[in-house]
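Trainee: This structure is in C-alpha cells; I'll ask about it shortly.
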Amino acid sequence: MRVRTFLASLAALLALGAAAARPAAAGPISLPPAVYSEEFQEKLTDDYGEREGVYLREAIERALVRALARVGGQVSSEPGVRIETTIIDARPNRPTFQQLNDRPGLDFGRSLSIGGAELHAVLRAPDGTALTEVHHRFYEYDIRNVVALTTWGDARRSIDRFARKVATAYAQVER
C-alpha cells in the first residue's frame, strides 16, 4: 500500500513540475512583416536582389514565432501587442543569386565573406503606445569563424538571437 501512495505522490509532483515548466499563456501578438531601412532597401535593389529580402522577412517571422511560443506568446490576427521589426542591415556569407548573375567570377562554393545582420523591433500596445524597443546587431568578426553553408548563415544566427531578445522583452511586458 505504501508503494502505491508513494507512486501516486510522485506522479502528482511530476505533473505539477511539468505544469510549472510550461509558460503561462499570454495575450495575442500581432506580427506584421518586417520592413527595411532605406539603406538596406537600396542594397536589395542594387546588389542582393529583392527575393533575398523576402527570405530574410520569412526567417525573422519563423524565428519570432518560435521564440515567442517558448515564453507563452501566441501570434494571432486579434489585436494585442504589436511587434514591428525593421531590418537595418544584413550581409550574406555567400553570394546571392543576383550577385552570381551580375558577377560571373563569383563562385557560390568558394566565395565566402563575413556576414550578419542588424535588427530593431518596437513592441506596441494595442493603442499604439511603444512599450519597449529591442535592438540587436551581430556580424561575424573573423573569416575563420564563418562556417555558413548557406547564403545568410551569420544573418540567421543574428535573427535567432534577436528573436530571443524580443521574446524576453515581450515576457517582461506581459508581466
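Here's how to read the names in the C-alpha cells: chain A, B, ... by the order shown, residue numbers from 1 in each chain, ligand numbers from 1 in the order shown.
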When you look at Val54 in chain A with a cut-off of 12 Å (counting only C-alpha atoms), what residues show up, excluding the ones that are within fewer than 2 positions of it in the same chain? I need them as number ranges by chain.
Mentor: A: 33-36, 41, 44, 48-52, 56-61, 87
Trainee: Please produce a file of the residues just selected, as a short mmCIF file (atom, residue, chain, number, x, y, z; two decimals), in the first residue's frame, where the atoms kept are C-alpha atoms.
Mentor:
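Output saved as again_19.cif:
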data_model
loop_
_atom_site.label_atom_id
_atom_site.label_comp_id
_atom_site.auth_asym_id
_atom_site.auth_seq_id
_atom_site.Cartn_x
_atom_site.Cartn_y
_atom_site.Cartn_z
CA PRO A 33 6.06 41.66 -41.91
CA ALA A 34 9.46 43.21 -41.24
CA VAL A 35 10.27 46.44 -43.07
CA TYR A 36 13.63 47.51 -44.49
CA GLN A 41 16.30 48.50 -49.43
CA LEU A 44 18.44 44.72 -52.05
CA TYR A 48 21.43 41.36 -53.35
CA GLY A 49 18.11 41.02 -55.17
CA GLU A 50 14.57 41.55 -53.90
CA ARG A 51 13.97 37.85 -53.26
CA GLU A 52 16.64 37.92 -50.54
CA LEU A 56 15.01 37.35 -44.55
CA ARG A 57 11.48 38.53 -43.68
CA GLU A 58 10.28 34.92 -43.57
CA ALA A 59 13.28 33.86 -41.46
CA ILE A 60 12.53 36.64 -38.97
CA GLU A 61 8.86 35.69 -38.77
CA ILE A 87 15.90 45.08 -40.95
#
Trainee: Pick out the residues sitting within 12 Å of Leu100 in chain A, and hand them over as a PyMOL selection string; count only C-alpha atoms, and ignore anything fewer than 2 positions along from it in its own chain.
Mentor: chain A and resi 47-49+94-98+102-111+151
Trainee: Could you take the residues named above and write them with C-alpha atoms, as an mmCIF file, in the first residue's frame?
Mentor:
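See selection22.cif below for the written result:
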data_model
loop_
_atom_site.group_PDB
_atom_site.id
_atom_site.type_symbol
_atom_site.label_atom_id
_atom_site.label_comp_id
_atom_site.auth_asym_id
_atom_site.auth_seq_id
_atom_site.Cartn_x
_atom_site.Cartn_y
_atom_site.Cartn_z
ATOM 1 C CA ASP A 47 23.100 44.272 -55.183
ATOM 2 C CA TYR A 48 21.433 41.361 -53.353
ATOM 3 C CA GLY A 49 18.113 41.020 -55.167
ATOM 4 C CA ARG A 94 27.910 33.659 -49.742
ATOM 5 C CA PRO A 95 26.889 35.395 -52.965
ATOM 6 C CA THR A 96 23.177 35.839 -53.542
ATOM 7 C CA PHE A 97 21.510 34.651 -56.728
ATOM 8 C CA GLN A 98 21.564 38.170 -58.183
ATOM 9 C CA ASP A 102 25.783 40.058 -62.040
ATOM 10 C CA ARG A 103 29.374 38.907 -61.396
ATOM 11 C CA PRO A 104 30.220 35.669 -63.206
ATOM 12 C CA GLY A 105 33.584 35.420 -61.378
ATOM 13 C CA LEU A 106 31.861 34.691 -58.067
ATOM 14 C CA ASP A 107 31.549 31.064 -57.011
ATOM 15 C CA PHE A 108 28.850 30.045 -54.525
ATOM 16 C CA GLY A 109 31.029 27.292 -53.105
ATOM 17 C CA ARG A 110 34.287 29.202 -52.841
ATOM 18 C CA SER A 111 33.254 32.829 -52.359
ATOM 19 C CA THR A 151 23.886 32.472 -48.169
#
Trainee: Could you pull out the residues in chain A that DSSP calls helix (DSSP H, G or I) from the backbone, as a PyMOL selection string?
Mentor: chain A and resi 2-21+38-48+50-70+97-102+143-145+153-174
Trainee: Interatomic distance between CA of Arg175 in chain A and CA of Ala117 in chain A?
Mentor: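 Result for CA of Arg175 in chain A versus CA of Ala117 in chain A: 29.4 Å, one decimal.
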Trainee: Residues within 10 Å of Thr168 in chain A, please, as JSON, numbers by chain. Count only C-alpha atoms; anything in the same chain fewer than 2 positions from it doesn't count.
Mentor: {"A": [67, 68, 70, 71, 134, 162, 163, 164, 165, 166, 170, 171, 172, 173, 174]}
Trainee: Using DSSP assignments from the backbone, pull out every residue in range 95-149 of chain A that falls under strand (DSSP E) and give it to me as a ChimeraX atom specification.
Mentor: /A:116-124,130-139
Trainee: With only C-alpha atoms as the atoms that count, which of A:Ile159, A:Glu84, A:Pro32, A:Ala167 lies nearest to Ala63 in chain A?
Mentor: A:Ile159
Trainee: Give me the residues within 10 Å of Tyr139 in chain A as an MDAnalysis selection string, counting only C-alpha atoms and dropping any in the same chain fewer than 4 places off.
Mentor: chainID A and resid 90:91 114:118 154:155 157:158
Trainee: What does the file look like for those residues with N, CA and C atoms, as an mmCIF file, in the first residue's frame?
Mentor:
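Writing done, so here's out-v5.cif:
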data_model
loop_
_atom_site.group_PDB
_atom_site.id
_atom_site.type_symbol
_atom_site.label_atom_id
_atom_site.label_comp_id
_atom_site.auth_asym_id
_atom_site.auth_seq_id
_atom_site.Cartn_x
_atom_site.Cartn_y
_atom_site.Cartn_z
ATOM 1 N N ALA A 90 21.852 43.764 -43.390
ATOM 2 C CA ALA A 90 22.181 42.345 -43.395
ATOM 3 C C ALA A 90 23.237 42.120 -44.469
ATOM 4 N N ARG A 91 24.164 41.240 -44.162
ATOM 5 C CA ARG A 91 25.233 40.908 -45.116
ATOM 6 C C ARG A 91 25.301 39.395 -45.274
ATOM 7 N N ILE A 114 32.329 37.646 -44.453
ATOM 8 C CA ILE A 114 31.791 37.831 -43.113
ATOM 9 C C ILE A 114 30.379 38.377 -43.263
ATOM 10 N N GLY A 115 29.421 37.746 -42.590
ATOM 11 C CA GLY A 115 28.031 38.164 -42.696
ATOM 12 C C GLY A 115 27.449 38.506 -41.340
ATOM 13 N N GLY A 116 26.165 38.795 -41.334
ATOM 14 C CA GLY A 116 25.463 39.119 -40.101
ATOM 15 C C GLY A 116 24.281 40.015 -40.393
ATOM 16 N N ALA A 117 23.705 40.552 -39.327
ATOM 17 C CA ALA A 117 22.529 41.415 -39.501
ATOM 18 C C ALA A 117 22.372 42.341 -38.306
ATOM 19 N N GLU A 118 21.716 43.458 -38.570
ATOM 20 C CA GLU A 118 21.332 44.407 -37.532
ATOM 21 C C GLU A 118 19.820 44.582 -37.635
ATOM 22 N N ASP A 154 25.273 33.673 -41.121
ATOM 23 C CA ASP A 154 25.506 34.561 -39.979
ATOM 24 C C ASP A 154 24.306 35.466 -39.716
ATOM 25 N N ALA A 155 23.601 35.860 -40.761
ATOM 26 C CA ALA A 155 22.391 36.667 -40.572
ATOM 27 C C ALA A 155 21.343 35.851 -39.828
ATOM 28 N N ARG A 157 21.943 33.508 -37.633
ATOM 29 C CA ARG A 157 22.371 33.494 -36.229
ATOM 30 C C ARG A 157 21.932 34.780 -35.542
ATOM 31 N N SER A 158 22.123 35.898 -36.220
ATOM 32 C CA SER A 158 21.714 37.181 -35.674
ATOM 33 C C SER A 158 20.198 37.228 -35.482
#
Trainee: Quick check, in Å to one decimal: how far apart do CA of His135 in chain A and CA of Thr86 in chain A lie?
Mentor: 9.6 Å
Trainee: From the list A:Leu123, A:Ile88, A:Leu112, A:Leu149, which residue is nearest His136 in chain A when using only C-alpha atoms?
Mentor: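 The closest residue to His136 in chain A is A:Ile88.
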Trainee: Give the answer as one residue: which of A:Asp89, A:Gln99, A:Val122, A:Val81 has the shortest atom-to-atom distance to Arg137 in chain A, using only C-alpha atoms?
Mentor: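 Nearest to Arg137 in chain A: A:Asp89.
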Trainee: In Å, how far is it from CA of Ile29 in chain A to CA of Gly80 in chain A?
Mentor: 5.2 Å
